[in-house]
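A quick write-up on the structure given underneath.
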Amino acid sequence: MVIRRAGVDLTAGNGLQELSSNDPGGAKTLPFVRPEGDLESLMVRYQDGDFAAATALIDRLSPQLHRFLNAQFTSRADADDLLQETWLHIHKVRHTYRPSEPVLPWFYAIARYVRTDHYRKSIRIAARERRLEDMSKIPATGAGEPDQADSWQALLAPLPESQREVIEMLKVAGMSLEEVARATSSSLGSVKQRVHRAYKKLRETMDATGLKKRSGGWS
Amino acid sequence: MKDKEIDDLLKTAARPSHEVEAVSLQRVAASLQSSMRPVHPLPPTWVLTGALALLCAAVALLGAGRAGFDGFEKMDLMQRALIFATLGVLTCLSGIWFAHEMIPGSRRWLSPGAVLGLTVLALLGVFALLFRDYHVSHFVSAGTKCLITGVIHAIPAGLLSWLVLRRGFAVNSVSAGLAAGALAGLAGVGVLELHCVNFQAIHVLVWHTAVIPVSGASGALVAWALRFRVGHGSHERTVSE
């Protein structure tokens with residue numbers, strides 16, 4: 001996807017190139033190269049009131065934030081709303097980012113807050129709707145069906161939320177363990193433990209379902 | 001299946017780029033445009049921590065100034081040095097903790113519960129080392145009086161601390177409330193150490209130290225209630241709309 005805003009090609013040489021599939025980095029390899037400094041400079045310009053920098057950040061980060069927000073039980077329409085809400089929060093508290101700090105954990109910490117808040121609200125609404133249903137016996141309407149889960153979501157489906165979000169940040173956003181710890185307000189040890197447990201769970205699930213590597217792909 | 005194979009599988013599944021409709025991105029950008037103006041970033045953590053520590057020291061000194069510095073006068077040099085140095089260090093550490101809670105994406109070394117526990121343990125250790133009078137008299141009546149005095153002085157410290165960090169944004173408000181409460185509790189303990197002349201070990205160990213968990217729990221409770229109220233309010237608005 002090539003995005004062009006404010007006269008700047010935001011993908012060419014700016015961090016959305018995929019690495020080759022045989023990258024030998026093991027667990028530390030990233031799906032994307034992302035020059036953190038570039039995002040940081042955009043963020044500083046955004047704090048200075050530069051609208052072009054804000055739109056560049058929106059274009060650059062929205063796909064991965066949307067993917068993060070589009071959790072297993074969230075519909076795409078909900079994820080769109082959550083993305084909008086996340087950016088409104090980001091805009092409101094943009095002064096809390098400090099230029100010397102890594103920028104992605106800051107964004108993800110706010111996205112995580114919005115997602116958690118949405119989850120809490122949806123639980124309250126569901127409880128209220130159940131009560132109303134009990135009273136009036138009118139079936140609930142308007143709730144969108146979750147989108148067809150893509151292969152990523154299907155792969156992470158067996159994991160609890162705390163482990164899934166860590167894997168998402170590591171593999172989709174390409175964050176380091178330290179950055180994930182910052183984004184999730186956890187200690188580094190806690191993140192390592194979650195990754196270890198997630199891999200263990202995935203290994204068990206894949207062994208149980210007989211998922212094997214074929215030549216050149218997975219089945 | 002090996003970790004490397006799982007890693008390859010995750011990389012393969014993560015690779016397809018996730019598309020967001022251009023109209024959604026334009027809508028987001030348009031919603032920010034009207035309020036686009038320069039903002040000043042928050043000051044560095046050491047500035048915020050320094051401000052919080054000075055504020056707590058000021059509350060403790062003002063509180064003791066009103067009630068009297070009787071406890072400080074009764075202490076020997078070693079007690080004064082160790083207790084107030086410990087309180088100073090713990091106040092700075094709690095200030096860093098609170099500042100980090102109010103800045104998204106900050107580094108975290110320990111969980112909030114662990115920080116609170118270590119703070120209490122450090123104080124217990126210093127008190128146990130310095131106070132050797134094991135007599136017990138008026139344990140509950142004298143103790144509750146000290147606890148109430150400490151918590152009452154923690155309230156202004158907590159409110160002023162929040163004022164210092166009011167521009168911050170807590171992604172976990174309960175944890176931030178706990179940090180603010182613990183920091184304010186240290187100011188309350190400061191007042192007690194300056195004022196209280198009851199040097200019975202069990203009194204100091206139980207009632208003076210208890211100010212911190214009580215104040216921390218109160219901060220967390222207030223934050224939880226505010227979050228619930230805000231969340232409930234927005235839900236009510238959504239329903240009425």
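Chain lettering (A, B, ...) mirrors the order of the structure tokens, residue numbering begins at 1 for each chain separately, and ligand numbering begins at 1 in order of display.
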### Task
Kindly determine which residues of chain B lie within 7 Å of chain A, considering only C-alpha atoms, and give the answer as JSON, numbers by chain.
{"B": [1, 3, 4, 7, 11, 13, 14, 15, 18, 19, 20, 25, 28, 29, 32, 33, 36, 37, 38, 39, 40, 41, 42, 103, 104, 105, 106, 107, 108, 109, 110, 111, 168, 169, 171, 235]}
### Task
Identify, on the basis of only C-alpha atoms, every residue whose closest approach to Phe139 in chain B does not exceed 12 Å; exclude the query and any residue fewer than 3 positions from it along the same chain; express the result as a list in words.
Tyr134, His135, Val136, Ala142, Gly143, Thr144, Lys145, Cys146, Leu147, Asn198, Phe199, Gln200, Ala201, Ile202, His203, Val204, Leu205, Val206 and Trp207 of chain B
### Message
Nearest residue to Thr209 in chain A out of A:Gln193, A:Gly174, A:Met169, A:Pro158, using only C-alpha atoms?
### Response
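With only C-alpha atoms as the atom set, the closest residue is A:Pro158.
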### Message
Using DSSP assignments from the backbone, pull out every residue in range 26-102 of chain A that falls under alpha helix (DSSP H) and give it to me as a PyMOL selection string.
### Response
chain A and resi 36-47+51-69+76-92
File of the preceding selection, C-alpha atoms, as a tab-separated table (two decimals), in the first residue's frame:
```
chain	number	residue	atom	x	y	z
A	36	GLU	CA	11.86	4.71	15.01
A	37	GLY	CA	13.66	8.00	14.61
A	38	ASP	CA	11.45	8.90	11.67
A	39	LEU	CA	8.31	8.34	13.72
A	40	GLU	CA	9.82	10.30	16.59
A	41	SER	CA	10.56	13.28	14.37
A	42	LEU	CA	7.01	13.14	12.99
A	43	MET	CA	5.71	13.05	16.57
A	44	VAL	CA	7.78	16.08	17.54
A	45	ARG	CA	6.42	17.96	14.52
A	46	TYR	CA	2.91	16.84	15.47
A	47	GLN	CA	3.46	18.32	18.94
A	51	PHE	CA	-0.91	18.92	10.54
A	52	ALA	CA	1.05	17.23	7.74
A	53	ALA	CA	3.04	15.33	10.38
A	54	ALA	CA	-0.19	14.32	12.09
A	55	THR	CA	-1.66	12.94	8.86
A	56	ALA	CA	1.61	11.16	8.12
A	57	LEU	CA	1.47	9.49	11.53
A	58	ILE	CA	-2.17	8.57	10.99
A	59	ASP	CA	-1.36	6.99	7.64
A	60	ARG	CA	1.71	5.21	8.93
A	61	LEU	CA	0.38	3.84	12.18
A	62	SER	CA	-3.33	3.35	11.60
A	63	PRO	CA	-3.06	-0.02	9.80
A	64	GLN	CA	-1.16	-1.66	12.64
A	65	LEU	CA	-3.22	0.06	15.32
A	66	HIS	CA	-6.38	-1.05	13.51
A	67	ARG	CA	-5.11	-4.59	13.44
A	68	PHE	CA	-4.32	-4.38	17.15
A	69	LEU	CA	-7.78	-2.99	17.91
A	76	ARG	CA	-14.27	-4.36	11.76
A	77	ALA	CA	-16.83	-1.58	12.24
A	78	ASP	CA	-16.03	-1.53	15.96
A	79	ALA	CA	-12.33	-1.44	15.14
A	80	ASP	CA	-12.91	1.58	12.87
A	81	ASP	CA	-14.66	3.37	15.73
A	82	LEU	CA	-11.96	2.36	18.17
A	83	LEU	CA	-9.29	3.63	15.79
A	84	GLN	CA	-11.01	6.99	15.64
A	85	GLU	CA	-11.32	7.05	19.42
A	86	THR	CA	-7.67	6.07	19.81
A	87	TRP	CA	-6.54	8.95	17.63
A	88	LEU	CA	-8.75	11.37	19.53
A	89	HIS	CA	-7.10	10.20	22.77
A	90	ILE	CA	-3.67	10.43	21.19
A	91	HIS	CA	-4.44	13.96	20.06
A	92	LYS	CA	-5.74	14.98	23.46
```
### Message
I'd like the interatomic distance between CA of Ala58 in chain B and CA of Leu159 in chain B, to a tenth of an Å.
### Response
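Here the two named atoms are 13.4 Å from each other.
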### Query
What does the distance between CA of Gly125 in chain B and CA of Leu186 in chain B come to in Å, to one decimal place?
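Separating CA of Gly125 in chain B from CA of Leu186 in chain B is a distance of 15.3 Å.
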### CA of Ala81 in chain B to CA of Pro156 in chain B, straight-line distance in Å
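Atom-to-atom, CA of Pro156 in chain B to CA of Ala81 in chain B, that is 25.7 Å.
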Quick one: residues within 7 Å of His195 in chain B, only C-alpha atoms, excluding same-chain residues fewer than 6 positions away - as a short mmCIF file (atom, residue, chain, number, x, y, z; two decimals) with C-alpha atoms, in the first residue's frame?
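Final output, out_15.cif:
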```cif
data_model
loop_
_atom_site.label_atom_id
_atom_site.label_comp_id
_atom_site.auth_asym_id
_atom_site.auth_seq_id
_atom_site.Cartn_x
_atom_site.Cartn_y
_atom_site.Cartn_z
CA ALA B 64 4.57 19.11 61.74
CA ALA B 67 1.41 20.07 65.38
CA GLY B 68 4.97 20.53 66.71
CA PHE B 69 8.36 18.95 66.01
CA ASP B 70 8.31 16.99 69.30
CA GLY B 71 9.24 13.66 67.72
CA PHE B 72 12.16 15.10 65.81
#
```
### Query
Near Ala99 in chain B, within 9 Å and counting only C-alpha atoms, which residues show up once chain neighbours fewer than 3 positions away are dropped, as number ranges by chain?
B: 45, 48-49, 52, 94-96, 102-103, 106, 165, 168, 176, 179
### Query
Which residues come within 10 Å of Thr209 in chain B, counting only C-alpha atoms, excluding same-chain residues fewer than 3 positions away, as an MDAnalysis selection string?
chainID B and resid 119:124 127 147 150 185:186 188:189 192 203:206 212:214
